[in-house]
file coords28.cif (mmCIF, C-alpha atoms)
data_run
loop_
_atom_site.label_atom_id
_atom_site.label_comp_id
_atom_site.auth_asym_id
_atom_site.auth_seq_id
_atom_site.Cartn_x
_atom_site.Cartn_y
_atom_site.Cartn_z
CA MET A 8 182.42 387.20 148.15
CA PHE A 9 184.29 390.28 146.91
CA VAL A 10 182.50 392.46 149.47
CA TYR A 11 183.70 390.25 152.32
CA LEU A 12 187.24 390.09 150.97
CA GLY A 13 187.19 393.84 150.42
CA MET A 14 186.18 394.41 154.04
CA PHE A 15 189.05 392.26 155.21
CA ALA A 16 191.60 393.87 152.88
CA TYR A 17 190.57 397.34 154.07
CA VAL A 18 191.07 396.63 157.79
CA ALA A 19 194.23 394.61 157.09
CA ILE A 20 195.78 397.60 155.32
CA GLY A 21 194.75 399.75 158.26
CA ALA A 22 196.43 397.30 160.66
CA VAL A 23 199.71 397.44 158.74
CA ILE A 24 199.67 401.23 158.48
CA SER A 25 198.85 401.61 162.18
CA SER A 26 201.73 399.34 163.16
CA PHE A 27 204.12 402.17 162.26
CA ARG A 28 204.18 404.94 164.85
CA ASN A 29 204.52 407.73 162.33
CA LEU A 30 201.70 406.45 160.14
CA ASN A 31 198.92 405.88 162.69
CA LEU A 32 195.46 406.35 161.24
CA ARG A 33 193.36 408.90 163.07
CA SER A 34 190.49 407.69 165.23
CA GLY A 35 188.09 409.57 162.95
CA VAL A 36 188.85 407.06 160.21
CA LEU A 37 187.76 404.30 162.57
CA TRP A 38 184.39 405.93 163.11
CA LEU A 39 183.95 406.43 159.37
CA THR A 40 184.69 402.75 159.05
CA SER A 41 181.99 402.03 161.62
CA ILE A 42 179.46 403.87 159.44
CA ALA A 43 180.45 401.67 156.50
CA LEU A 44 180.03 398.56 158.66
CA ILE A 45 176.61 399.72 159.83
CA ILE A 46 175.51 400.16 156.22
CA LEU A 47 176.88 396.77 155.16
CA ILE A 48 175.39 394.96 158.15
CA GLY A 49 172.18 396.91 158.68
CA PHE A 50 171.02 397.11 155.07
CA ARG A 51 172.04 393.60 154.00
CA TRP A 52 169.35 391.79 152.06
CA GLU A 53 168.63 388.04 152.20
CA VAL A 54 171.99 387.43 153.84
CA GLY A 55 172.46 385.00 156.73
CA ALA A 56 171.18 381.56 157.68
CA ASP A 57 168.40 382.94 159.93
CA TRP A 58 167.06 385.46 157.43
CA ASN A 59 163.72 383.67 156.93
CA SER A 60 163.24 383.25 160.67
CA TYR A 61 163.65 386.98 161.19
CA ARG A 62 161.29 387.69 158.33
CA MET A 63 158.65 385.51 160.01
CA ILE A 64 159.04 387.44 163.27
CA LEU A 65 158.41 390.69 161.38
CA HIS A 66 155.39 389.16 159.64
CA TYR A 67 153.97 388.03 162.96
CA SER A 68 154.50 391.54 164.33
CA ARG A 69 152.13 392.89 161.67
CA ILE A 70 149.25 390.69 162.83
CA SER A 71 149.82 390.74 166.57
CA ASP A 72 150.43 393.12 169.46
CA ALA A 73 153.75 393.78 171.19
CA ALA A 74 153.05 391.39 174.08
CA ASN A 75 152.40 388.44 171.79
CA VAL A 76 155.39 389.27 169.60
CA SER A 77 157.66 389.18 172.66
CA LEU A 78 156.60 385.56 173.19
CA ARG A 79 158.20 384.62 169.87
CA SER A 80 161.44 386.55 170.36
CA GLU A 81 163.45 388.37 173.00
CA PRO A 82 161.74 391.59 174.21
CA GLY A 83 164.34 393.97 172.79
CA TYR A 84 164.25 392.48 169.31
CA ALA A 85 160.46 392.03 169.48
CA LEU A 86 160.02 395.74 170.25
CA LEU A 87 162.08 396.73 167.20
CA ASN A 88 159.96 394.47 164.99
CA TRP A 89 156.74 395.81 166.49
CA ILE A 90 157.86 399.37 165.73
CA ALA A 91 158.83 398.41 162.17
CA ALA A 92 155.50 396.67 161.60
CA ASN A 93 153.44 399.57 162.93
CA GLN A 94 155.38 402.13 160.91
CA GLY A 95 155.15 400.10 157.73
CA TRP A 96 158.91 399.61 157.61
CA GLY A 97 160.72 396.50 156.49
CA ILE A 98 163.16 394.12 158.13
CA TRP A 99 165.88 396.68 157.53
CA PHE A 100 164.79 398.60 160.66
CA PRO A 101 165.53 395.93 163.30
CA ASN A 102 168.62 394.95 161.29
CA LEU A 103 169.86 398.55 161.26
CA ILE A 104 169.31 399.19 164.98
CA CYS A 105 171.01 395.92 165.91
CA ALA A 106 173.85 396.77 163.52
CA ILE A 107 174.35 400.12 165.26
CA ILE A 108 174.43 398.48 168.70
CA PHE A 109 176.82 395.74 167.53
CA THR A 110 179.16 398.06 165.63
CA TYR A 111 179.32 400.61 168.43
CA GLY A 112 180.18 397.93 170.97
CA LEU A 113 182.78 396.43 168.64
CA MET A 114 184.42 399.77 167.91
CA VAL A 115 184.58 400.82 171.56
CA PHE A 116 186.13 397.47 172.39
CA CYS A 117 188.63 397.59 169.50
CA ARG A 118 189.71 401.11 170.43
CA GLN A 119 190.84 399.71 173.79
CA GLN A 120 193.46 397.62 171.97
CA PRO A 121 196.96 398.89 171.03
CA ASN A 122 196.18 398.46 167.33
CA PRO A 123 192.40 398.82 166.82
CA TRP A 124 192.73 397.91 163.16
CA LEU A 125 194.36 394.58 163.94
CA ALA A 126 191.52 393.95 166.38
CA LEU A 127 189.12 394.50 163.48
CA VAL A 128 191.15 392.10 161.35
CA VAL A 129 190.50 389.38 163.92
CA ALA A 130 186.84 390.36 164.26
CA VAL A 131 185.83 390.60 160.59
CA PRO A 132 185.95 386.93 159.46
CA TYR A 133 183.45 385.57 161.97
CA LEU A 134 182.20 388.17 164.43
CA VAL A 135 181.37 390.79 161.78
CA ILE A 136 180.47 388.63 158.78
CA GLY A 137 179.18 385.52 160.51
CA VAL A 138 177.48 386.95 163.60
CA GLY A 139 176.82 390.56 162.62
CA MET A 140 175.35 389.59 159.24
CA GLY A 141 173.79 386.32 160.30
CA PHE A 142 172.57 386.31 163.89
CA THR A 143 170.91 389.69 164.33
CA ARG A 144 169.64 389.28 167.89
CA GLN A 145 172.85 387.85 169.22
CA SER A 146 174.98 390.41 167.42
CA ALA A 147 173.26 393.17 169.42
CA ALA A 148 173.81 391.16 172.60
CA VAL A 149 177.50 390.69 171.78
CA GLY A 150 177.90 394.41 171.15
CA LEU A 151 176.42 395.17 174.56
CA ILE A 152 178.58 392.53 176.25
CA MET A 153 181.70 394.10 174.72
CA LEU A 154 180.55 397.45 176.10
CA ALA A 155 180.14 395.78 179.50
CA MET A 156 183.72 394.47 179.25
CA VAL A 157 185.04 397.96 178.56
CA GLU A 158 182.99 399.51 181.35
CA LEU A 159 184.22 396.86 183.75
CA THR A 160 187.85 397.79 183.08
CA ARG A 161 186.92 401.46 183.57
CA GLY A 162 185.33 400.68 186.93
CA ASN A 163 181.79 401.67 185.89
CA ARG A 164 179.95 398.79 187.56
CA THR A 165 176.50 400.34 187.15
CA ARG A 166 176.97 400.48 183.40
CA VAL A 167 178.15 396.88 183.49
CA PHE A 168 174.84 395.86 185.07
CA VAL A 169 172.85 397.91 182.56
CA ASN A 170 174.67 396.51 179.52
CA ILE A 171 174.29 392.91 180.69
CA GLY A 172 170.59 393.47 181.29
CA LEU A 173 170.13 395.03 177.85
CA ALA A 174 172.10 392.20 176.22
CA THR A 175 169.74 389.68 177.80
CA LEU A 176 166.80 391.54 176.27
CA PHE A 177 168.25 390.77 172.83
CA HIS A 178 169.50 387.23 173.46
CA THR A 179 168.80 385.33 176.65
CA SER A 180 172.05 383.35 176.41
CA ALA A 181 173.94 386.52 177.41
CA ILE A 182 172.92 385.74 180.98
CA VAL A 183 175.63 383.06 181.20
CA LEU A 184 178.28 385.80 181.50
CA ALA A 185 176.71 387.38 184.60
CA PRO A 186 178.63 385.06 187.00
CA VAL A 187 181.90 385.85 185.18
CA PHE A 188 181.44 389.58 185.69
CA ALA A 189 180.43 388.95 189.31
CA LEU A 190 183.57 386.94 190.02
CA THR A 191 185.72 389.53 188.26
CA THR A 192 184.58 392.25 190.67
CA ALA A 193 184.61 390.02 193.75
CA LYS A 194 188.10 390.91 195.04
CA ARG A 195 187.77 394.67 194.69
CA GLY A 196 184.12 394.99 195.53
CA LEU A 197 182.35 392.16 197.32
CA VAL A 198 179.13 394.16 197.50
CA SER A 199 179.21 394.72 193.73
CA ALA A 200 179.81 391.01 193.19
CA ILE A 201 176.85 390.11 195.40
CA ILE A 202 174.62 392.65 193.65
CA LEU A 203 175.66 391.40 190.23
CA SER A 204 175.10 387.79 191.31
CA ILE A 205 171.61 388.62 192.56
CA PHE A 206 171.02 390.56 189.35
CA GLY A 207 172.08 387.54 187.28
CA ILE A 208 169.91 385.15 189.28
CA GLY A 209 166.97 387.51 188.93
CA LEU A 210 167.45 387.69 185.19
CA TYR A 211 167.68 383.92 184.97
CA PHE A 212 164.37 383.36 186.72
CA ALA A 213 162.78 386.21 184.79
CA PHE A 214 163.77 384.58 181.51
CA SER A 215 163.86 380.92 182.59
CA GLU A 216 160.87 380.03 180.44
CA ARG A 217 162.37 381.75 177.41
CA ILE A 218 165.71 380.05 178.02
CA GLY A 219 163.95 376.70 178.06
CA MET A 220 162.17 377.56 174.81
CA ARG A 221 165.46 378.55 173.20
CA LEU A 222 167.15 375.30 174.24
CA THR A 223 164.23 373.29 172.88
CA GLU A 224 164.36 375.23 169.61
CA TYR A 225 168.06 374.53 169.09
CA GLN A 226 167.71 370.86 170.01
CA THR A 227 164.71 370.36 167.74
CA PHE A 228 165.44 372.43 164.65
CA ARG A 229 169.17 373.06 164.51
CA TYR A 230 170.71 369.96 166.03
CA ILE A 231 174.17 370.37 164.50
CA ALA A 232 176.07 373.62 164.01
CA GLY A 233 178.53 373.20 161.19
CA GLY A 234 181.98 374.48 162.08
CA ALA A 235 181.32 374.56 165.82
CA ILE A 236 184.50 372.64 166.67
CA PRO A 237 186.88 374.85 164.61
CA ARG A 238 185.35 378.00 166.10
CA ILE A 239 185.68 376.66 169.63
CA LEU A 240 189.27 375.63 168.93
CA MET A 241 190.07 379.16 167.75
CA ASN A 242 188.80 380.50 171.08
CA LEU A 243 190.80 377.80 172.84
CA VAL A 244 194.04 378.82 171.11
CA ALA A 245 193.56 382.40 172.30
CA ALA A 246 192.80 381.16 175.83
CA VAL A 247 195.99 379.09 175.97
CA ILE A 248 198.13 381.96 174.70
CA PHE A 249 196.66 384.32 177.29
CA LEU A 250 197.02 381.94 180.23
CA LEU A 251 200.66 381.27 179.36
CA GLY A 252 201.55 384.97 179.58
CA ARG A 253 198.57 386.82 180.99
CA HIS A 254 200.60 389.46 182.86
CA LYS A 255 202.27 390.40 179.59
CA PHE A 256 198.98 391.29 177.92
CA THR A 257 197.80 393.82 180.48
CA ILE A 258 198.78 395.35 183.80
CA SER A 259 195.15 395.86 184.81
CA HIS A 260 194.17 393.45 187.59
CA VAL A 261 190.53 393.64 186.52
CA GLU A 262 191.39 392.73 182.93
CA ILE A 263 193.61 389.87 184.09
CA ARG A 264 190.78 388.42 186.17
CA LEU A 265 188.19 388.92 183.42
CA TRP A 266 190.19 387.29 180.65
CA THR A 267 191.46 384.53 182.93
CA LEU A 268 187.90 383.57 183.83
CA LEU A 269 186.78 383.73 180.20
CA SER A 270 189.78 381.59 179.21
CA LEU A 271 188.80 378.98 181.79
CA VAL A 272 185.22 379.04 180.51
CA THR A 273 186.59 378.45 177.00
CA PHE A 274 188.10 375.17 178.18
CA LEU A 275 184.61 374.00 179.13
CA MET A 276 183.23 374.49 175.63
CA LEU A 277 184.92 371.52 173.98
CA PRO A 278 183.72 368.84 176.43
CA LEU A 279 180.26 370.44 176.36
CA LEU A 280 180.00 369.45 172.70
CA TYR A 281 179.91 365.84 173.79
CA TYR A 282 177.54 366.29 176.73
CA VAL A 283 174.97 368.65 175.21
CA ASN A 284 172.54 367.27 172.64
CA SER A 285 172.78 370.31 170.35
CA THR A 286 176.13 371.64 169.16
CA THR A 287 174.28 374.82 168.18
CA ILE A 288 173.76 375.66 171.85
CA VAL A 289 177.48 375.41 172.56
CA ASP A 290 178.36 377.25 169.34
CA ARG A 291 176.07 380.17 170.19
CA LEU A 292 177.47 380.40 173.72
CA GLY A 293 180.97 380.38 172.23
CA ILE A 294 180.15 383.55 170.31
CA PHE A 295 180.36 385.52 173.56
CA LEU A 296 183.94 384.29 173.95
CA VAL A 297 185.13 385.61 170.57
CA PRO A 298 186.20 388.95 172.17
CA LEU A 299 188.91 386.88 173.87
CA GLN A 300 190.40 386.20 170.42
CA ILE A 301 190.30 389.90 169.60
CA PHE A 302 191.93 390.90 172.89
CA VAL A 303 194.74 388.33 172.70
CA LEU A 304 195.60 388.32 168.99
CA ALA A 305 195.42 392.11 168.64
CA ARG A 306 197.94 392.51 171.47
CA MET A 307 200.35 389.73 170.53
CA PRO A 308 202.54 391.76 168.11
CA LEU A 309 203.17 394.34 170.82
CA VAL A 310 203.55 391.77 173.63
CA PHE A 311 206.19 389.92 171.66
CA GLY A 312 207.69 392.98 170.01
CA ARG A 313 210.89 394.82 170.89
CA ARG A 314 211.21 398.20 172.58
CA GLY A 315 207.53 398.95 172.38
CA ARG A 316 207.35 398.24 168.65
CA GLN A 317 205.00 395.73 167.12
CA ASN A 318 206.42 392.47 165.83
CA MET A 319 205.72 392.75 162.10
CA THR A 320 206.27 389.05 161.46
CA LEU A 321 203.69 388.16 164.07
CA LEU A 322 201.32 390.86 162.83
CA SER A 323 201.55 389.44 159.30
CA ALA A 324 200.96 385.94 160.64
CA ILE A 325 197.80 387.05 162.45
CA ILE A 326 196.50 388.75 159.31
CA LEU A 327 197.13 385.60 157.26
CA TYR A 328 195.58 383.43 159.99
CA SER A 329 192.43 385.57 159.99
CA LEU A 330 192.31 385.63 156.18
CA ALA A 331 192.57 381.83 156.10
CA ALA A 332 189.69 381.58 158.58
CA GLU A 333 187.53 383.79 156.36
CA LEU A 334 188.39 381.96 153.14
CA VAL A 335 187.84 378.52 154.65
CA TRP A 336 184.48 379.51 156.08
CA LEU A 337 183.23 381.22 152.90
CA ASN A 338 184.30 378.33 150.68
CA LEU A 339 183.77 375.28 152.88
CA GLY A 340 181.27 376.35 155.55
CA ASN A 341 178.05 374.33 155.63
CA GLU A 342 175.89 377.45 155.68
CA ALA A 343 178.18 379.87 153.84
CA ARG A 344 175.86 379.79 150.84
CA SER A 345 173.35 381.78 152.94
CA TRP A 346 175.85 384.66 152.92
CA LEU A 347 176.56 384.45 149.19
CA PRO A 348 176.19 386.48 147.15
CA TYR A 349 176.19 389.56 149.34
CA ARG A 350 173.21 391.82 148.63
CA ASN A 351 172.37 395.22 150.04
CA LEU A 352 168.97 396.91 150.12
CA LEU A 353 170.45 400.31 149.19
CA TRP A 354 172.11 398.84 146.12
CA GLU A 355 168.94 397.00 145.16
CA GLU A 356 166.91 400.22 145.34
CA LEU A 357 169.44 402.27 143.40
CA PHE A 358 170.52 399.89 140.66
CA VAL A 359 167.72 397.36 140.21
#

call {"tool": "encode", "arguments": {"input": "coords28.cif", "output": "structure tokens"}}
result
Amino acid sequence: MFVYLGMFAYVAIGAVISSFRNLNLRSGVLWLTSIALIILIGFRWEVGADWNSYRMILHYSRISDAANVSLRSEPGYALLNWIAANQGWGIWFPNLICAIIFTYGLMVFCRQQPNPWLALVVAVPYLVIGVGMGFTRQSAAVGLIMLAMVELTRGNRTRVFVNIGLATLFHTSAIVLAPVFALTTAKRGLVSAIILSIFGIGLYFAFSERIGMRLTEYQTFRYIAGGAIPRILMNLVAAVIFLLGRHKFTISHVEIRLWTLLSLVTFLMLPLLYYVNSTTIVDRLGIFLVPLQIFVLARMPLVFGRRGRQNMTLLSAIILYSLAAELVWLNLGNEARSWLPYRNLLWEELFV
């Protein structure tokens, strides 16, 4: 648990330091931090609730060809396992590549916020520890979706399409965000919206069988996701805050539309818990909405600050709120034991 608390303490200190104009940490420190995250996420060992499932995929890759492996997992993740199996590498290879994709997407997204370190504070408790270290395939998909969000605000629609497509190759559930991106671009580029809609529909039909298999898997083997309701409520809090003052959080019309649509989608998550047989399905879809928390909470101290300065009381409250979320999950989470104790392959090789 000390590793997880140390991660949080490190980014929290960075958030406090960066809140003072004359003490801003250089961006280079952020990228050094990303290397540390890649090592902690990519070389973790026997950490995460799905660890054995991923190990079985790698084992199957050793006795089968790439085409058959892709039937058991998404093509992007299957390819990484097939490479690892044929090179005689371990599970660390797909973990490491997915960690690089996830961390890069997270860092690019956090750097778009006024205080990137505070954005990391919000991200660490669940997105980094829970998703990055637990759900390898989806973590890569989330990283690519965050890249798509950044590219959308920059007006790079082609890169948006590419990132969404790549995200779907790692986790088919990423396809649910295609309509959101299409609607976001509708007012400024109807042609782009139509193309993205067709792209999303094409992806859906291309992966419809796999989507059905994934739904059946969640309904059969993981019927209840512990902590789904609290996680959805945390997204909902961010959605309410944004909708109440959305023009204060950004002056970009594209960002306003994007986060408004994602906020509205967040409101659908709670009733879905009662209409969908598996809470795991809803919980996994909710992971793609966690960037909304990062965007809103990381900007709140500046939005409600004075004369362009960050509100230190609010910043402290957000840090404590995020710390509480991490402590509650690590101590009371139904599957938290799968993350404890933290082990790392590099440490095992050097000291054991």

call {"tool": "resolve_selection", "arguments": {"input": "coords28.cif", "expression": "the PyMOL selection byres ((chain A and resi 90-100) around 9)", "output": "list in words"}}
result
Gly49, Phe50, Arg51, Trp52, Tyr61, Arg62, Leu65, His66, Tyr67, Ser68, Arg69, Ile70, Ala73, Ala85, Leu86, Leu87, Asn88, Trp89, Pro101, Asn102, Leu103, Ile104, Cys105 and Leu352 of chain A

call {"tool": "atom_distance", "arguments": {"input": "coords28.cif", "atom1": "atom CA of A:Phe168", "atom2": "atom CA of A:Phe295"}}
result
16.4 Å

call {"tool": "closest_atom_pairs", "arguments": {"input": "coords28.cif", "of": "stretch 56-148 of chain A", "to": "stretch 238-245 of chain A", "cutoff": "12 Å", "atoms": "all atoms listed in the file", "output": "JSON lines"}}
result
{"residue": "A:Val129", "atom": "CA", "partner": "A:Met241", "partner_atom": "CA", "distance": 10.9}
{"residue": "A:Pro132", "atom": "CA", "partner": "A:Arg238", "partner_atom": "CA", "distance": 11.1}
{"residue": "A:Tyr133", "atom": "CA", "partner": "A:Arg238", "partner_atom": "CA", "distance": 8.8}
{"residue": "A:Leu134", "atom": "CA", "partner": "A:Arg238", "partner_atom": "CA", "distance": 10.8}
{"residue": "A:Gly137", "atom": "CA", "partner": "A:Arg238", "partner_atom": "CA", "distance": 11.2}

call {"tool": "resolve_selection", "arguments": {"input": "coords28.cif", "expression": "the PyMOL selection byres ((chain A and resi 11-24) around 9)", "output": "PyMOL selection string"}}
result
chain A and resi 8-10+25-32+40+44+122-128+131-132+136+319+322-323+326+329-330+333-334+349

call {"tool": "closest_residue", "arguments": {"input": "coords28.cif", "among": "A:Thr267, A:Leu292, A:Ile64, A:Leu113", "to": "A:Ser180", "atoms": "all atoms listed in the file"}}
result
A:Leu292
